[in-house]
Amino acid sequence: MKDHNHSLTAAQISDRLTFLKDAARLKDVLRSSFTREGRPESTAEHSWSLCLMVLCFADRMEGIDLLKLLRICIIHDLGEALNGDIPAIAQDAAGDKSARERADLDTIMRPLPPALRAEFLALWDEYENAATPEARLAKAFDKLETITQHNAGRNPPGFNYDFNLSYGRTYTECSDLTKAIRRIVDDATRGNINRDTGC
């Protein structure tokens, strides 16, 4: 790897570090999923877990640009850094979640140079519109990771596992791989439902 740091001024480096500092707010944005220890999961943890999940199945993604897929996964929830996450179960009632997140993403990316800002926004738009095979896979794995975390977490009493069974199915039907994973995570969901109901 060539060392190109000489081409950036101290101010340009500081601008990128400012963006990274603002993006790090995702570490404090809590989701409606719970960890194995029973604490709320952060959006940053979800994004990391999503990327790891993609890597675990990357050898079965023929014709997919893996780097592009991972970049989309890293960017996809960045707009939550300013105003937080809307739980999946409440998104239908949340108004225009997409427009708000895109506006917030645009705000936190202001310190970045225009070309990099445009590149990140294009990846986010691609994801939001499910415009490419990589974006559709990112959507599918985003849903699968969420369901997997719901199943694995130490959830509070009355946790709505039934939601898992319909959540994101449009996206997880996009490939044979994600359909096969979905069958297994749905079985885990049904196991949790049966445990909670004593069936």
# chains A, B, ... in the order shown; residues from 1 in each chain; ligands from 1
call {"tool": "select_by_dssp", "arguments": {"residues": "segment 112-177 of chain A", "states": "alpha helix (DSSP H)", "output": "ChimeraX atom specification"}}
result
/A:114-128,133-152,162-166,169-172,176-177
call {"tool": "residues_around", "arguments": {"residues": "Thr43 of chain A", "least_positions_apart": "5", "cutoff": "9 Å", "atoms": "only C-alpha atoms", "output": "list in words"}}
result
Leu26, Lys27, Asp28, Val29, Leu30, Arg31, Trp48, Asp77, Leu78, Glu80, Ala81, Gly84 and Asp85 of chain A
call {"tool": "residues_around", "arguments": {"residues": "segment 117-123 of chain A", "least_positions_apart": "3", "cutoff": "9 Å", "atoms": "only C-alpha atoms", "output": "PyMOL selection string"}}
result
chain A and resi 68+71-72+75-76+102+105-106+109-114+126-128+135
call {"tool": "atom_distance", "arguments": {"atom1": "atom CA of Phe163 of chain A", "atom2": "atom CA of Asn151 of chain A"}}
result
11.3 Å
call {"tool": "residues_around", "arguments": {"residues": "segment 181-190 of chain A", "least_positions_apart": "5", "cutoff": "10 Å", "atoms": "only C-alpha atoms", "output": "ChimeraX atom specification"}}
result
/A:57,140-141,143-145,147-152,161-166,169,172-173,176,195-196
call {"tool": "closest_residue", "arguments": {"among": "A:Gly79, A:Gly168, A:Gly38, A:Gly63", "to": "Lys139 of chain A", "atoms": "only C-alpha atoms"}}
result
A:Gly168
call {"tool": "atom_distance", "arguments": {"atom1": "atom CA of Leu69 of chain A", "atom2": "atom CA of Leu137 of chain A"}}
result
7.6 Å
call {"tool": "atom_distance", "arguments": {"atom1": "atom CA of Asp104 of chain A", "atom2": "atom CA of Asn83 of chain A"}}
result
7.7 Å
call {"tool": "residues_around", "arguments": {"residues": "Ser33 of chain A", "least_positions_apart": "6", "cutoff": "9 Å", "atoms": "only C-alpha atoms", "output": "JSON, numbers by chain"}}
result
{"A": [39, 40, 41, 42, 87, 146, 147, 149, 150, 153, 155]}
call {"tool": "write_last_selection", "arguments": {"atoms": "N, CA, C and O atoms", "output": "PDB file, in the first residue's frame"}}
result
ATOM      1  N   ARG A  39     -28.135  -6.804  27.759  1.00  0.00           N
ATOM      2  CA  ARG A  39     -28.103  -5.345  27.610  1.00  0.00           C
ATOM      3  C   ARG A  39     -28.488  -4.984  26.176  1.00  0.00           C
ATOM      4  O   ARG A  39     -28.290  -5.784  25.256  1.00  0.00           O
ATOM      5  N   PRO A  40     -29.024  -3.772  25.972  1.00  0.00           N
ATOM      6  CA  PRO A  40     -29.382  -3.363  24.611  1.00  0.00           C
ATOM      7  C   PRO A  40     -28.153  -3.351  23.699  1.00  0.00           C
ATOM      8  O   PRO A  40     -27.064  -2.932  24.107  1.00  0.00           O
ATOM      9  N   GLU A  41     -28.346  -3.807  22.496  1.00  0.00           N
ATOM     10  CA  GLU A  41     -27.298  -3.816  21.479  1.00  0.00           C
ATOM     11  C   GLU A  41     -27.187  -2.427  20.862  1.00  0.00           C
ATOM     12  O   GLU A  41     -28.189  -1.735  20.688  1.00  0.00           O
ATOM     13  N   SER A  42     -25.977  -2.013  20.511  1.00  0.00           N
ATOM     14  CA  SER A  42     -25.798  -0.739  19.814  1.00  0.00           C
ATOM     15  C   SER A  42     -25.862  -0.955  18.301  1.00  0.00           C
ATOM     16  O   SER A  42     -25.649  -2.064  17.807  1.00  0.00           O
ATOM     17  N   PRO A  87     -37.005   1.180  16.097  1.00  0.00           N
ATOM     18  CA  PRO A  87     -37.104  -0.284  16.107  1.00  0.00           C
ATOM     19  C   PRO A  87     -37.859  -0.802  14.888  1.00  0.00           C
ATOM     20  O   PRO A  87     -38.815  -0.176  14.418  1.00  0.00           O
ATOM     21  N   THR A 146     -30.541  -9.222  12.271  1.00  0.00           N
ATOM     22  CA  THR A 146     -31.460  -8.741  13.300  1.00  0.00           C
ATOM     23  C   THR A 146     -32.247  -9.891  13.916  1.00  0.00           C
ATOM     24  O   THR A 146     -32.359 -10.003  15.149  1.00  0.00           O
ATOM     25  N   ILE A 147     -32.783 -10.763  13.073  1.00  0.00           N
ATOM     26  CA  ILE A 147     -33.552 -11.909  13.574  1.00  0.00           C
ATOM     27  C   ILE A 147     -32.659 -12.824  14.406  1.00  0.00           C
ATOM     28  O   ILE A 147     -33.057 -13.306  15.482  1.00  0.00           O
ATOM     29  N   GLN A 149     -30.030 -12.005  16.104  1.00  0.00           N
ATOM     30  CA  GLN A 149     -29.776 -11.375  17.402  1.00  0.00           C
ATOM     31  C   GLN A 149     -30.996 -11.469  18.305  1.00  0.00           C
ATOM     32  O   GLN A 149     -30.872 -11.706  19.507  1.00  0.00           O
ATOM     33  N   HIS A 150     -32.187 -11.284  17.737  1.00  0.00           N
ATOM     34  CA  HIS A 150     -33.410 -11.462  18.532  1.00  0.00           C
ATOM     35  C   HIS A 150     -33.449 -12.868  19.136  1.00  0.00           C
ATOM     36  O   HIS A 150     -33.838 -13.044  20.294  1.00  0.00           O
ATOM     37  N   GLY A 153     -30.368 -13.239  21.871  1.00  0.00           N
ATOM     38  CA  GLY A 153     -30.273 -12.340  23.016  1.00  0.00           C
ATOM     39  C   GLY A 153     -31.052 -12.812  24.228  1.00  0.00           C
ATOM     40  O   GLY A 153     -31.969 -13.631  24.128  1.00  0.00           O
ATOM     41  N   ASN A 155     -33.637 -11.679  26.179  1.00  0.00           N
ATOM     42  CA  ASN A 155     -34.668 -10.673  25.966  1.00  0.00           C
ATOM     43  C   ASN A 155     -35.566 -10.527  27.196  1.00  0.00           C
ATOM     44  O   ASN A 155     -35.711 -11.461  27.983  1.00  0.00           O
TER      45      ASN A 155
END
call {"tool": "closest_residue", "arguments": {"among": "A:His46, A:Arg16, A:Lys179, A:Arg136", "to": "Ile74 of chain A", "atoms": "only C-alpha atoms"}}
result
A:His46
call {"tool": "closest_residue", "arguments": {"among": "A:Ala24, A:Thr18, A:Ala130, A:Ala58", "to": "Glu45 of chain A", "atoms": "only C-alpha atoms"}}
result
A:Ala24
